[in-house]
$ cat work01.txt   # compact mmCIF, C-alpha atoms
# COMPACT_ATOMS: atom_id res chain seq x y z
CA MET T 20 19.18 -0.48 10.00
CA THR T 21 22.83 0.42 9.52
CA LYS T 22 21.80 4.04 9.75
CA ALA T 23 20.11 3.48 13.09
CA ILE T 24 23.14 1.70 14.46
CA ARG T 25 25.49 4.42 13.32
CA SER T 26 23.40 7.07 15.04
CA LEU T 27 23.29 5.04 18.23
CA GLY T 28 27.04 5.39 18.39
CA ALA T 29 26.89 9.11 17.80
CA LEU T 30 24.35 9.60 20.56
CA GLY T 31 26.49 7.76 23.04
CA ILE T 32 25.42 7.89 26.62
CA SER T 33 22.25 9.93 26.32
CA LEU T 34 20.58 7.25 24.23
CA ALA T 35 21.28 4.57 26.77
CA LEU T 36 18.64 6.30 28.87
CA THR T 37 15.97 6.20 26.18
CA LEU T 38 13.02 3.90 26.53
CA PRO T 39 12.54 1.63 23.55
CA ALA T 40 10.12 3.27 21.14
CA LEU T 41 6.82 1.46 20.79
CA ALA T 42 6.14 -0.18 17.48
CA GLU T 43 3.16 -1.72 15.75
CA THR T 44 0.95 -4.06 17.75
CA ALA T 45 -1.11 -6.75 16.06
CA PRO T 46 -4.77 -6.93 17.08
CA THR T 47 -5.44 -9.51 19.78
CA GLU T 48 -8.65 -10.75 18.19
CA THR T 49 -9.69 -11.03 14.54
CA PRO T 50 -13.29 -12.22 14.41
CA ASP T 51 -15.02 -12.58 11.04
CA ILE T 52 -17.44 -9.92 9.89
CA VAL T 53 -20.68 -11.89 10.07
CA ILE T 54 -23.29 -10.06 8.00
CA ASP T 55 -27.02 -10.68 8.46
CA GLY T 56 -26.45 -13.66 10.73
CA GLY T 57 -24.09 -15.43 8.36
CA ALA T 58 -25.55 -14.68 4.90
CA VAL T 59 -22.10 -13.23 4.17
CA THR T 60 -18.98 -13.92 6.23
CA LEU T 61 -15.80 -11.95 5.67
CA PRO T 62 -12.44 -12.83 7.22
CA THR T 63 -10.61 -9.83 8.68
CA PHE T 64 -7.04 -10.96 8.15
CA ALA T 65 -4.94 -12.67 5.50
CA ASP T 66 -1.34 -13.68 4.93
CA ALA T 67 0.82 -10.68 4.10
CA PRO T 68 1.66 -10.53 0.39
CA ALA T 69 5.22 -11.54 -0.43
CA HIS T 70 6.15 -8.16 -1.96
CA LEU T 71 5.88 -6.56 1.49
CA GLU T 72 8.91 -8.57 2.58
CA GLY T 73 7.67 -8.64 6.15
CA ALA T 74 7.08 -4.89 6.43
CA LEU T 75 3.71 -5.56 8.13
CA GLY T 76 4.71 -8.79 9.84
CA ASP T 77 3.12 -11.97 8.54
CA LYS T 78 -0.53 -10.87 8.62
CA ILE T 79 -2.57 -8.06 7.16
CA TYR T 80 -5.77 -6.81 8.80
CA SER T 81 -8.98 -5.13 7.79
CA GLY T 82 -9.52 -1.65 9.24
CA TRP T 83 -12.75 -3.08 10.72
CA VAL T 84 -10.88 -4.87 13.55
CA PHE T 85 -9.48 -1.53 14.77
CA ARG T 86 -12.94 -0.02 15.16
CA ASP T 87 -15.21 -0.09 18.23
CA ALA T 88 -18.04 -2.57 18.81
CA GLU T 89 -20.75 -0.18 17.68
CA THR T 90 -19.08 0.62 14.36
CA ARG T 91 -18.35 -3.04 13.74
CA ALA T 92 -21.96 -4.01 14.43
CA MET T 93 -23.28 -1.53 11.85
CA GLN T 94 -21.36 -3.35 9.15
CA GLU T 95 -22.75 -6.70 10.29
CA ASP T 96 -26.28 -5.73 9.41
CA ASP T 97 -27.05 -4.61 5.88
CA PHE T 98 -30.16 -2.86 7.14
CA ALA T 99 -28.22 -0.82 9.72
CA ASN T 100 -25.33 -0.18 7.32
CA PRO T 101 -25.86 3.40 6.09
CA SER T 102 -23.87 2.65 2.90
CA MET T 103 -26.70 0.52 1.60
CA ALA T 104 -28.97 3.47 0.90
CA PHE T 105 -26.26 4.83 -1.39
CA VAL T 106 -25.78 1.45 -3.00
CA ASP T 107 -29.49 1.50 -3.84
CA GLN T 108 -29.10 4.91 -5.46
CA GLY T 109 -26.15 3.60 -7.43
CA ILE T 110 -28.17 0.66 -8.72
CA GLU T 111 -30.95 3.02 -9.70
CA ALA T 112 -28.46 5.15 -11.66
CA TRP T 113 -27.09 1.97 -13.26
CA ASN T 114 -30.52 1.32 -14.75
CA THR T 115 -31.31 4.93 -15.68
CA VAL T 116 -30.82 6.31 -19.20
CA ASP T 117 -28.62 9.40 -19.24
CA GLY T 118 -26.88 11.41 -21.98
CA THR T 119 -27.33 11.96 -25.70
CA GLU T 120 -27.08 8.30 -26.74
CA GLY T 121 -30.18 7.23 -24.85
CA LYS T 122 -28.33 4.55 -22.91
CA SER T 123 -27.95 3.43 -19.33
CA CYS T 124 -25.07 1.33 -17.94
CA ALA T 125 -27.47 -1.63 -18.13
CA SER T 126 -27.95 -1.10 -21.89
CA CYS T 127 -24.40 -2.39 -22.43
CA HIS T 128 -23.60 -4.36 -19.25
CA ASN T 129 -27.01 -5.87 -18.37
CA GLU T 130 -27.53 -6.52 -14.65
CA ILE T 131 -25.11 -4.88 -12.21
CA GLU T 132 -24.14 -8.41 -11.08
CA SER T 133 -22.06 -8.53 -14.28
CA MET T 134 -19.61 -6.25 -12.42
CA LYS T 135 -18.68 -9.05 -10.01
CA GLY T 136 -14.89 -9.19 -9.66
CA VAL T 137 -14.22 -5.68 -10.98
CA ARG T 138 -13.53 -4.03 -7.64
CA ALA T 139 -11.03 -6.70 -6.61
CA VAL T 140 -8.61 -5.86 -9.44
CA MET T 141 -8.88 -2.05 -9.45
CA PRO T 142 -6.96 0.03 -10.25
CA LYS T 143 -5.55 -1.60 -13.36
CA VAL T 144 -3.76 -0.73 -16.57
CA ASN T 145 -6.17 -0.14 -19.46
CA ALA T 146 -5.72 -1.04 -23.15
CA ALA T 147 -3.94 2.26 -23.80
CA GLY T 148 -1.39 1.56 -21.07
CA GLU T 149 -2.75 4.05 -18.53
CA LEU T 150 -3.45 3.17 -14.91
CA TRP T 151 -7.18 3.65 -14.36
CA SER T 152 -9.27 3.58 -11.22
CA MET T 153 -12.90 2.49 -11.29
CA GLU T 154 -13.90 6.15 -11.50
CA ASN T 155 -11.98 6.50 -14.79
CA TYR T 156 -13.78 3.54 -16.31
CA ILE T 157 -17.14 4.88 -15.18
CA ASN T 158 -16.50 8.32 -16.66
CA ASP T 159 -15.15 6.78 -19.86
CA CYS T 160 -18.47 4.97 -20.33
CA ARG T 161 -20.44 8.06 -19.45
CA THR T 162 -18.65 10.45 -21.78
CA ASN T 163 -17.69 8.17 -24.71
CA ARG T 164 -20.54 5.66 -24.79
CA MET T 165 -23.51 7.40 -23.22
CA GLY T 166 -22.85 10.98 -24.24
CA ALA T 167 -23.37 11.98 -20.62
CA GLU T 168 -21.36 14.34 -18.44
CA ALA T 169 -18.42 13.06 -16.42
CA TRP T 170 -19.04 12.87 -12.70
CA LYS T 171 -16.62 14.61 -10.35
CA TRP T 172 -14.23 12.16 -8.66
CA SER T 173 -15.75 12.17 -5.18
CA SER T 174 -19.22 13.46 -6.05
CA GLN T 175 -22.22 11.65 -4.57
CA PRO T 176 -23.36 10.09 -7.87
CA MET T 177 -19.83 8.76 -8.44
CA GLU T 178 -19.59 7.33 -4.92
CA ASN T 179 -23.06 5.77 -5.25
CA MET T 180 -21.93 4.02 -8.42
CA THR T 181 -18.52 2.84 -7.09
CA LEU T 182 -20.34 1.56 -3.98
CA ALA T 183 -22.90 -0.36 -6.02
CA ILE T 184 -20.19 -1.88 -8.24
CA SER T 185 -17.90 -2.69 -5.29
CA LEU T 186 -20.65 -4.54 -3.46
CA GLN T 187 -20.85 -7.03 -6.35
CA SER T 188 -17.34 -8.24 -5.39
CA ARG T 189 -18.03 -8.48 -1.66
CA GLY T 190 -16.02 -11.38 -0.23
CA MET T 191 -13.68 -11.75 -3.19
CA PRO T 192 -9.99 -11.37 -2.31
CA VAL T 193 -8.29 -8.16 -3.44
CA ASP T 194 -5.98 -9.16 -6.26
CA VAL T 195 -4.44 -6.16 -8.03
CA ALA T 196 -1.69 -6.81 -10.57
CA ILE T 197 1.64 -5.23 -9.70
CA ASP T 198 3.91 -6.65 -12.40
CA GLY T 199 4.12 -6.23 -16.18
CA PRO T 200 2.68 -2.90 -17.32
CA ALA T 201 1.55 -2.11 -13.77
CA LYS T 202 5.07 -2.22 -12.37
CA PRO T 203 6.17 1.40 -13.01
CA PHE T 204 2.92 2.76 -11.53
CA TRP T 205 3.31 0.49 -8.52
CA GLU T 206 6.90 1.66 -7.99
CA LYS T 207 5.81 5.29 -8.07
CA GLY T 208 2.99 4.55 -5.63
CA LYS T 209 5.44 2.88 -3.30
CA GLU T 210 7.70 5.91 -3.39
CA ILE T 211 4.76 8.14 -2.46
CA TYR T 212 3.80 5.77 0.38
CA TYR T 213 7.20 6.15 2.00
CA THR T 214 7.60 9.92 1.44
CA ARG T 215 7.31 12.08 4.52
CA TYR T 216 4.98 14.92 3.61
CA GLY T 217 4.17 18.25 5.18
CA GLN T 218 5.45 20.18 8.15
CA LEU T 219 4.81 17.16 10.37
CA GLU T 220 7.01 15.08 8.06
CA LEU T 221 4.92 11.91 8.24
CA SER T 222 4.62 9.21 5.61
CA CYS T 223 1.79 6.72 5.22
CA ALA T 224 4.22 4.12 6.57
CA ASN T 225 4.98 6.14 9.72
CA CYS T 226 1.37 5.77 10.81
CA HIS T 227 0.03 2.65 9.09
CA GLN T 228 3.10 0.41 9.03
CA GLN T 229 5.24 1.45 11.99
CA ASN T 230 2.40 2.29 14.33
CA TYR T 231 -0.74 0.35 13.48
CA GLY T 232 -2.48 -0.78 16.62
CA GLN T 233 -1.26 2.31 18.50
CA MET T 234 -3.35 5.30 19.52
CA ILE T 235 -2.66 8.66 17.90
CA ARG T 236 -4.74 10.86 20.17
CA ALA T 237 -8.23 9.33 20.06
CA ASP T 238 -7.63 7.38 16.84
CA HIS T 239 -6.76 3.70 16.82
CA LEU T 240 -4.38 3.36 13.88
CA SER T 241 -5.14 0.59 11.38
CA GLN T 242 -2.92 -0.63 8.57
CA GLY T 243 -4.70 1.82 6.28
CA GLN T 244 -6.01 -0.95 4.04
CA THR T 245 -8.29 -0.08 1.16
CA ASN T 246 -10.46 -3.19 0.85
CA GLY T 247 -13.42 -1.49 2.54
CA PHE T 248 -13.70 1.44 0.12
CA PRO T 249 -15.77 3.38 -0.54
CA VAL T 250 -16.72 3.57 3.13
CA PHE T 251 -19.49 5.21 5.07
CA ARG T 252 -17.93 7.37 7.78
CA ILE T 253 -20.01 7.90 10.88
CA ASN T 254 -17.97 10.98 11.83
CA GLY T 255 -18.62 12.74 8.55
CA ALA T 256 -22.06 11.14 8.19
CA GLY T 257 -21.42 10.38 4.55
CA THR T 258 -19.69 8.20 2.02
CA VAL T 259 -15.95 8.70 1.48
CA SER T 260 -13.97 7.71 -1.59
CA LEU T 261 -10.47 6.35 -1.32
CA HIS T 262 -8.86 9.45 -2.81
CA GLU T 263 -10.81 11.60 -0.33
CA ARG T 264 -9.29 9.50 2.47
CA PHE T 265 -5.78 9.84 1.01
CA SER T 266 -6.30 13.56 0.75
CA GLY T 267 -7.41 13.83 4.38
CA CYS T 268 -4.48 11.79 5.67
CA ILE T 269 -1.95 13.92 3.77
CA ARG T 270 -3.66 17.19 4.74
CA ASP T 271 -3.36 16.12 8.38
CA THR T 272 0.43 16.12 8.05
CA ARG T 273 0.17 19.87 7.29
CA ALA T 274 0.85 19.17 3.64
CA GLU T 275 -0.69 19.97 0.28
CA PRO T 276 -2.35 16.74 -0.92
CA PHE T 277 -2.38 15.66 -4.56
CA GLU T 278 -5.58 16.19 -6.55
CA GLN T 279 -8.18 13.46 -6.25
CA GLY T 280 -8.01 11.40 -9.43
CA SER T 281 -4.45 12.55 -10.15
CA GLN T 282 -1.79 10.22 -11.52
CA GLU T 283 -0.09 10.31 -8.11
CA PHE T 284 -3.20 9.21 -6.23
CA ARG T 285 -3.96 6.44 -8.74
CA ASP T 286 -0.39 5.16 -8.39
CA LEU T 287 -0.76 5.33 -4.61
CA GLU T 288 -4.13 3.55 -4.88
CA LEU T 289 -2.50 0.67 -6.73
CA TYR T 290 0.35 0.38 -4.26
CA VAL T 291 -1.84 0.55 -1.15
CA ALA T 292 -4.35 -1.90 -2.67
CA SER T 293 -1.49 -4.32 -3.32
CA ARG T 294 -0.57 -4.20 0.38
CA GLY T 295 -4.03 -5.66 0.95
CA ASN T 296 -3.91 -8.35 -1.71
CA GLY T 297 -5.72 -11.31 -0.12
CA LEU T 298 -8.12 -9.36 2.12
CA PRO T 299 -11.75 -9.67 1.03
CA VAL T 300 -13.48 -6.75 -0.65
CA GLU T 301 -15.85 -5.38 1.98
CA GLY T 302 -17.72 -3.39 -0.61
CA ALA T 303 -19.83 -1.08 1.42
CA SER T 304 -18.06 -0.83 4.76
CA VAL T 305 -18.57 1.34 7.84
CA ARG T 306 -15.83 3.25 9.65
CA HIS T 307 -16.00 5.86 12.37
CA MET E 17 45.89 39.87 -3.70
CA ARG E 18 42.45 38.60 -4.52
CA PHE E 19 42.95 35.75 -2.06
CA TRP E 20 43.86 38.14 0.73
CA ALA E 21 40.91 40.34 0.14
CA ALA E 22 38.53 37.44 0.20
CA ALA E 23 40.07 36.08 3.38
CA ILE E 24 39.72 39.41 5.12
CA VAL E 25 36.12 39.72 4.05
CA ARG E 26 35.44 36.23 5.32
CA PHE E 27 37.17 36.98 8.60
CA ILE E 28 35.19 40.14 9.15
CA ALA E 29 31.92 38.44 8.25
CA ALA E 30 32.62 35.57 10.61
CA SER E 31 33.46 37.94 13.48
CA VAL E 32 30.32 39.94 12.90
CA ILE E 33 28.17 36.80 12.95
CA ALA E 34 29.92 35.37 16.00
CA GLY E 35 29.64 38.71 17.77
CA ALA E 36 25.97 38.97 17.00
CA VAL E 37 25.32 35.54 18.42
CA ILE E 38 27.19 36.24 21.67
CA TRP E 39 25.76 39.68 22.04
CA GLY E 40 22.27 38.59 21.13
CA ALA E 41 22.14 35.56 23.39
CA ALA E 42 21.19 37.42 26.50
CA GLN E 43 18.32 39.38 25.04
CA ALA E 44 17.16 38.29 21.57
CA GLU E 45 15.66 35.00 20.60
CA VAL E 46 17.54 32.46 18.51
CA ALA E 47 15.99 31.96 15.09
CA PRO E 48 15.37 28.32 14.04
CA ALA E 49 18.18 28.43 11.46
CA ASP E 50 20.66 29.78 14.04
CA VAL E 51 20.19 27.21 16.77
CA ALA E 52 23.59 26.18 18.15
CA TRP E 53 23.89 22.44 18.68
CA GLY E 54 26.34 21.38 21.34
CA GLU E 55 28.36 18.23 21.80
CA GLY E 56 26.12 15.19 22.49
CA ASN E 57 22.99 16.56 20.81
CA VAL E 58 22.11 19.30 23.20
CA ILE E 59 20.92 22.88 22.82
CA ALA E 60 22.54 24.60 25.74
CA GLU E 61 21.19 28.10 25.37
CA SER E 62 17.65 29.24 25.92
CA LEU E 63 15.93 29.89 22.60
CA SER E 64 14.01 32.88 23.90
CA GLY E 65 16.31 34.28 26.58
CA THR E 66 13.36 34.17 29.00
CA PRO E 67 12.92 31.29 31.46
CA GLY E 68 10.18 28.81 30.56
CA ASN E 69 6.87 28.77 32.41
CA ALA E 70 5.88 25.18 33.30
CA GLY E 71 2.19 26.06 33.68
CA GLU E 72 2.05 27.50 30.18
CA GLY E 73 4.07 24.54 28.98
CA ALA E 74 1.46 22.10 30.29
CA LYS E 75 -1.19 23.86 28.21
CA ILE E 76 0.96 23.92 25.08
CA TYR E 77 1.76 20.24 25.61
CA ALA E 78 -1.91 19.27 25.66
CA GLU E 79 -3.50 21.79 23.28
CA LYS E 80 -4.34 20.30 19.90
CA SER E 81 -3.64 23.52 18.02
CA LEU E 82 -0.28 24.02 19.78
CA GLY E 83 2.10 21.20 20.77
CA ASN E 84 -0.47 18.40 20.64
CA CYS E 85 2.20 16.26 22.29
CA VAL E 86 -0.62 14.19 23.84
CA ALA E 87 -1.37 12.84 20.37
CA CYS E 88 1.64 10.57 20.79
CA HIS E 89 2.68 10.64 24.47
CA VAL E 90 1.28 9.75 27.88
CA VAL E 91 1.99 11.77 31.02
CA SER E 92 0.22 10.00 33.89
CA ASN E 93 -0.35 13.12 35.96
CA SER E 94 -1.75 15.12 33.02
CA ASP E 95 -5.52 15.52 32.88
CA ALA E 96 -5.59 15.61 29.06
CA ASP E 97 -7.92 12.96 27.66
CA PHE E 98 -7.12 10.62 24.77
CA GLN E 99 -3.37 10.44 25.33
CA GLY E 100 -1.73 8.54 22.50
CA ASN E 101 1.06 5.97 22.61
CA VAL E 102 2.91 6.34 19.31
CA GLY E 103 5.81 7.70 21.38
CA PRO E 104 7.12 6.60 24.79
CA SER E 105 5.56 7.69 28.08
CA LEU E 106 7.03 10.96 29.31
CA ASP E 107 6.64 10.09 32.98
CA GLY E 108 10.00 10.88 34.53
CA ALA E 109 11.30 12.68 31.41
CA GLY E 110 12.74 15.38 33.68
CA SER E 111 14.82 12.76 35.49
CA ARG E 112 15.98 10.98 32.34
CA TRP E 113 17.04 14.08 30.43
CA THR E 114 18.73 17.36 31.23
CA GLU E 115 17.07 20.62 30.25
CA GLU E 116 19.62 20.99 27.44
CA GLN E 117 18.64 17.59 26.07
CA LEU E 118 14.91 18.24 26.41
CA ARG E 119 15.30 21.50 24.51
CA ALA E 120 17.06 19.60 21.74
CA ILE E 121 14.40 16.88 21.57
CA VAL E 122 11.49 19.31 21.43
CA ALA E 123 13.17 21.71 19.00
CA ASP E 124 14.27 19.07 16.50
CA ALA E 125 13.65 15.46 17.53
CA LYS E 126 15.08 14.13 14.27
CA HIS E 127 18.43 15.62 15.17
CA VAL E 128 18.45 13.51 18.32
CA PHE E 129 16.54 10.42 17.15
CA PRO E 130 17.20 10.03 13.41
CA ASP E 131 14.13 8.97 11.41
CA SER E 132 11.85 9.64 14.38
CA VAL E 133 8.15 10.11 13.66
CA MET E 134 8.20 12.98 16.17
CA PRO E 135 7.79 16.32 14.36
CA SER E 136 10.52 18.97 14.51
CA PHE E 137 8.88 21.84 16.35
CA TYR E 138 11.50 24.55 15.74
CA LYS E 139 12.21 24.21 12.06
CA THR E 140 10.99 26.23 9.09
CA SER E 141 12.09 24.64 5.82
CA GLY E 142 13.09 21.47 4.05
CA TYR E 143 9.57 20.03 3.75
CA VAL E 144 7.90 18.04 0.96
CA ARG E 145 4.66 19.69 -0.26
CA PRO E 146 4.25 21.85 2.87
CA GLY E 147 0.71 23.04 3.48
CA GLU E 148 -0.87 26.08 5.09
CA GLY E 149 -1.69 24.54 8.47
CA PHE E 150 -4.36 21.89 8.01
CA THR E 151 -6.11 23.58 5.07
CA GLY E 152 -4.50 21.45 2.36
CA LYS E 153 -3.43 24.64 0.55
CA PRO E 154 0.21 24.98 -0.46
CA ALA E 155 2.51 27.09 1.73
CA GLN E 156 5.72 28.92 0.93
CA GLU E 157 8.83 28.22 2.97
CA PRO E 158 10.10 29.43 5.35
CA LEU E 159 7.06 28.39 7.40
CA LYS E 160 6.36 29.50 10.93
CA PRO E 161 7.85 26.90 13.27
CA LEU E 162 5.22 24.66 14.92
CA LEU E 163 6.08 26.27 18.26
CA ASN E 164 7.83 29.60 18.83
CA ALA E 165 10.96 30.07 20.96
CA GLN E 166 9.09 30.87 24.16
CA GLN E 167 6.62 28.01 23.68
CA ILE E 168 9.55 25.59 23.35
CA GLU E 169 11.05 26.97 26.57
CA ASP E 170 7.68 26.61 28.33
CA VAL E 171 7.28 22.98 27.21
CA VAL E 172 10.85 22.21 28.30
CA ALA E 173 10.11 23.74 31.70
CA TYR E 174 6.99 21.56 31.96
CA LEU E 175 8.86 18.38 31.04
CA ALA E 176 11.57 19.24 33.56
CA THR E 177 8.91 19.02 36.30
CA GLN E 178 8.17 15.38 35.33
CA LYS E 179 10.43 13.70 37.87
CA GLU E 180 10.51 10.05 38.81

$ encode --input "work01.txt" --output "structure tokens"
Amino acid sequence: MTKAIRSLGALGISLALTLPALAETAPTETPDIVIDGGAVTLPTFADAPAHLEGALGDKIYSGWVFRDAETRAMQEDDFANPSMAFVDQGIEAWNTVDGTEGKSCASCHNEIESMKGVRAVMPKVNAAGELWSMENYINDCRTNRMGAEAWKWSSQPMENMTLAISLQSRGMPVDVAIDGPAKPFWEKGKEIYYTRYGQLELSCANCHQQNYGQMIRADHLSQGQTNGFPVFRINGAGTVSLHERFSGCIRDTRAEPFEQGSQEFRDLELYVASRGNGLPVEGASVRH
Amino acid sequence: MRFWAAAIVRFIAASVIAGAVIWGAAQAEVAPADVAWGEGNVIAESLSGTPGNAGEGAKIYAEKSLGNCVACHVVSNSDADFQGNVGPSLDGAGSRWTEEQLRAIVADAKHVFPDSVMPSFYKTSGYVRPGEGFTGKPAQEPLKPLLNAQQIEDVVAYLATQKE
């Protein structure tokens, strides 16, 4: 603020002619996501978490409200939602024995419903003090308990499994821990969020905090919330993991993104998830 | 003795640089690092030494792979589709700003509007994790500026035609 005022003085008369720059605009309507005629109802906004200190105003919004009617409708019908076919494949893999130990996920965890609540608190600090995303936990089970091969971060089998597990938490509010052992990871993630990357020198905040609700070319900018992930993207006709989305957003600033699954992206995942604390997990969502 | 020698060397170096700038202004283009900023955040001299072409500028303004200014700005009389509104409308920009100011804004908006989200189009270094275009691969600085000297002049000429 002080910086802006100082520069106003320096600019003197020329700035007096400037139009006020547009800023973020809150959506005018925030209907619920009503799935299968009301079998599941998901609110699309929540009170902004206190740690944001008003950076997003007093409300946070699902990316769903920034999408067009057609895209929205696909998520309101589990039969039309293309994610669900991948969820089914994930559930099948859950129940399928793989690896040298002759075990499936179900051998240890029983029904996939036992994963209810997991997605809402990911990523989180594990017993060894590392920040792990759901993908890390999945690969830990595969390699150390099943004797199976690790899946690549954004491979189809991995996305099928994270989709199937996420769906079990559908409707539960995102509630990632940001204090205690999570604090240093959260701080690092926050720093990344506000860093202006690439030759276009744009940070996450430049688009998703300062300008949500605005149009950047044909794209209606959302708050870049993560509660819908993994998503099915109509444009790419496929499922997209969160780190794939981060990577795309950073690449589009003419920058070199971090590796998917890297420490940096897990820190960023925690920080961005915490900006959505209170929004319901949408599990298998649809975006354009 | 030492002091004198150094001072003379500095004096000669400074004269050579100053001379090159004055001599070069009429014919050669000004490299991004050598842009001379005038009082009140203006760039008075043409970057290319060749007058801008407004018709070319309109194309550069709208073309995604060039200026892609339409990503963030509206010009009502432009036929580009999907004009964004992250930045202010540029209707009447040629009445609000002088050519020297427009050149400054397009070349390095952050010099004129600190912390702006508008990219600096005539700048080659000082980036965090710069990439090779939109490939996601790392790039070595200095990069090519987003627009070259003549393209900046063309865009400035185009904006100057936007009168209110």

$ closest_atom_pairs --input "work01.txt" --of "chain T" --to "chain E" --cutoff "6 Å" --atoms "all atoms listed in the file" --output "CSV"
residue,atom,partner,partner_atom,distance
T:Ala40,CA,E:Pro104,CA,5.8
T:Tyr216,CA,E:Val144,CA,5.0
T:Gly217,CA,E:Pro146,CA,4.3
T:Gln218,CA,E:Pro146,CA,5.7
T:Leu219,CA,E:Pro135,CA,5.1
T:Gln233,CA,E:Val102,CA,5.9
T:Met234,CA,E:Gly100,CA,4.7
T:Ile235,CA,E:Gly100,CA,4.7
T:Arg236,CA,E:Ala87,CA,3.9
T:Ala237,CA,E:Phe98,CA,5.0
T:Arg270,CA,E:Gly152,CA,5.0
T:Asp271,CA,E:Phe150,CA,5.9
T:Arg273,CA,E:Gly147,CA,5.0
T:Ala274,CA,E:Gly147,CA,3.9
T:Glu275,CA,E:Gly152,CA,4.6

$ closest_residue --input "work01.txt" --among "T:Pro50, T:Gly76, T:Gly121, T:Tyr290" --to "Lys209 in chain T" --atoms "only C-alpha atoms"
T:Tyr290

$ atom_distance --input "work01.txt" --atom1 "CA of Ser81 in chain T" --atom2 "CA of Gly295 in chain T"
8.5 Å

$ atom_distance --input "work01.txt" --atom1 "CA of Asp238 in chain T" --atom2 "CA of Asn254 in chain T"
12.0 Å

$ atom_distance --input "work01.txt" --atom1 "CA of Ala92 in chain T" --atom2 "CA of Glu154 in chain T"
29.0 Å

$ closest_residue --input "work01.txt" --among "T:Ala58, T:Ala146, T:Ala303, T:Ile253" --to "Arg189 in chain T" --atoms "all atoms listed in the file"
T:Ala303

$ residues_near_point --input "work01.txt" --point "(5.7, 31.9, 34.0)" --cutoff "12 Å" --atoms "all atoms listed in the file" --output "list in words"
Thr66, Pro67, Gly68, Asn69, Ala70, Gly71, Glu72, Gly73, Ala74, Gln166, Gln167, Glu169, Asp170, Val171, Ala173 and Tyr174 of chain E

$ closest_residue --input "work01.txt" --among "T:Glu149, T:Glu220, T:Asp87, T:Asp66" --to "Val305 in chain T" --atoms "all atoms listed in the file"
T:Asp87

$ residues_around --input "work01.txt" --residues "Asn100 in chain T" --least-positions-apart "6" --cutoff "12 Å" --atoms "all atoms listed in the file" --output "short mmCIF file (atom, residue, chain, number, x, y, z; two decimals) with C-alpha atoms, in the frame of the given file"
data_model
loop_
_atom_site.label_atom_id
_atom_site.label_comp_id
_atom_site.auth_asym_id
_atom_site.auth_seq_id
_atom_site.Cartn_x
_atom_site.Cartn_y
_atom_site.Cartn_z
CA ILE T 54 -23.29 -10.06 8.00
CA ASP T 55 -27.02 -10.68 8.46
CA GLU T 89 -20.75 -0.18 17.68
CA THR T 90 -19.08 0.62 14.36
CA ARG T 91 -18.35 -3.04 13.74
CA ALA T 92 -21.96 -4.01 14.43
CA MET T 93 -23.28 -1.53 11.85
CA GLN T 94 -21.36 -3.35 9.15
CA VAL T 106 -25.78 1.45 -3.00
CA VAL T 250 -16.72 3.57 3.13
CA PHE T 251 -19.49 5.21 5.07
CA ARG T 252 -17.93 7.37 7.78
CA ILE T 253 -20.01 7.90 10.88
CA ALA T 256 -22.06 11.14 8.19
CA GLY T 257 -21.42 10.38 4.55
CA THR T 258 -19.69 8.20 2.02
CA GLY T 302 -17.72 -3.39 -0.61
CA ALA T 303 -19.83 -1.08 1.42
CA SER T 304 -18.06 -0.83 4.76
CA VAL T 305 -18.57 1.34 7.84
CA ARG T 306 -15.83 3.25 9.65
#

$ residues_around --input "work01.txt" --residues "Ser266 in chain T" --least-positions-apart "2" --cutoff "10 Å" --atoms "all atoms listed in the file" --output "number ranges by chain"
T: 260-264, 268-271, 274-279, 284; E: 152

$ residues_around --input "work01.txt" --residues "Glu111 in chain T" --least-positions-apart "2" --cutoff "12 Å" --atoms "only C-alpha atoms" --output "list in words"
Ala104, Phe105, Val106, Asp107, Gln108, Gly109, Trp113, Asn114, Thr115, Val116, Asp117, Ser123, Cys124, Ala125, Glu130, Ile131, Pro176, Asn179, Met180, Ala183 and Ile184 of chain T

$ write_last_selection --input "work01.txt" --atoms "C-alpha atoms" --output "tab-separated table (two decimals), in the frame of the given file"
chain	number	residue	atom	x	y	z
T	104	ALA	CA	-28.97	3.47	0.90
T	105	PHE	CA	-26.26	4.83	-1.39
T	106	VAL	CA	-25.78	1.45	-3.00
T	107	ASP	CA	-29.49	1.50	-3.84
T	108	GLN	CA	-29.10	4.91	-5.46
T	109	GLY	CA	-26.15	3.60	-7.43
T	113	TRP	CA	-27.09	1.97	-13.26
T	114	ASN	CA	-30.52	1.32	-14.75
T	115	THR	CA	-31.31	4.93	-15.68
T	116	VAL	CA	-30.82	6.31	-19.20
T	117	ASP	CA	-28.62	9.40	-19.24
T	123	SER	CA	-27.95	3.43	-19.33
T	124	CYS	CA	-25.07	1.33	-17.94
T	125	ALA	CA	-27.47	-1.63	-18.13
T	130	GLU	CA	-27.53	-6.52	-14.65
T	131	ILE	CA	-25.11	-4.88	-12.21
T	176	PRO	CA	-23.36	10.09	-7.87
T	179	ASN	CA	-23.06	5.77	-5.25
T	180	MET	CA	-21.93	4.02	-8.42
T	183	ALA	CA	-22.90	-0.36	-6.02
T	184	ILE	CA	-20.19	-1.88	-8.24

$ closest_residue --input "work01.txt" --among "T:Leu182, T:Ala45, T:Leu240, T:Ala201" --to "Gly148 in chain T" --atoms "all atoms listed in the file"
T:Ala201

$ closest_residue --input "work01.txt" --among "T:Phe204, T:Pro249, T:Met191, T:Thr272" --to "Val59 in chain T" --atoms "all atoms listed in the file"
T:Met191
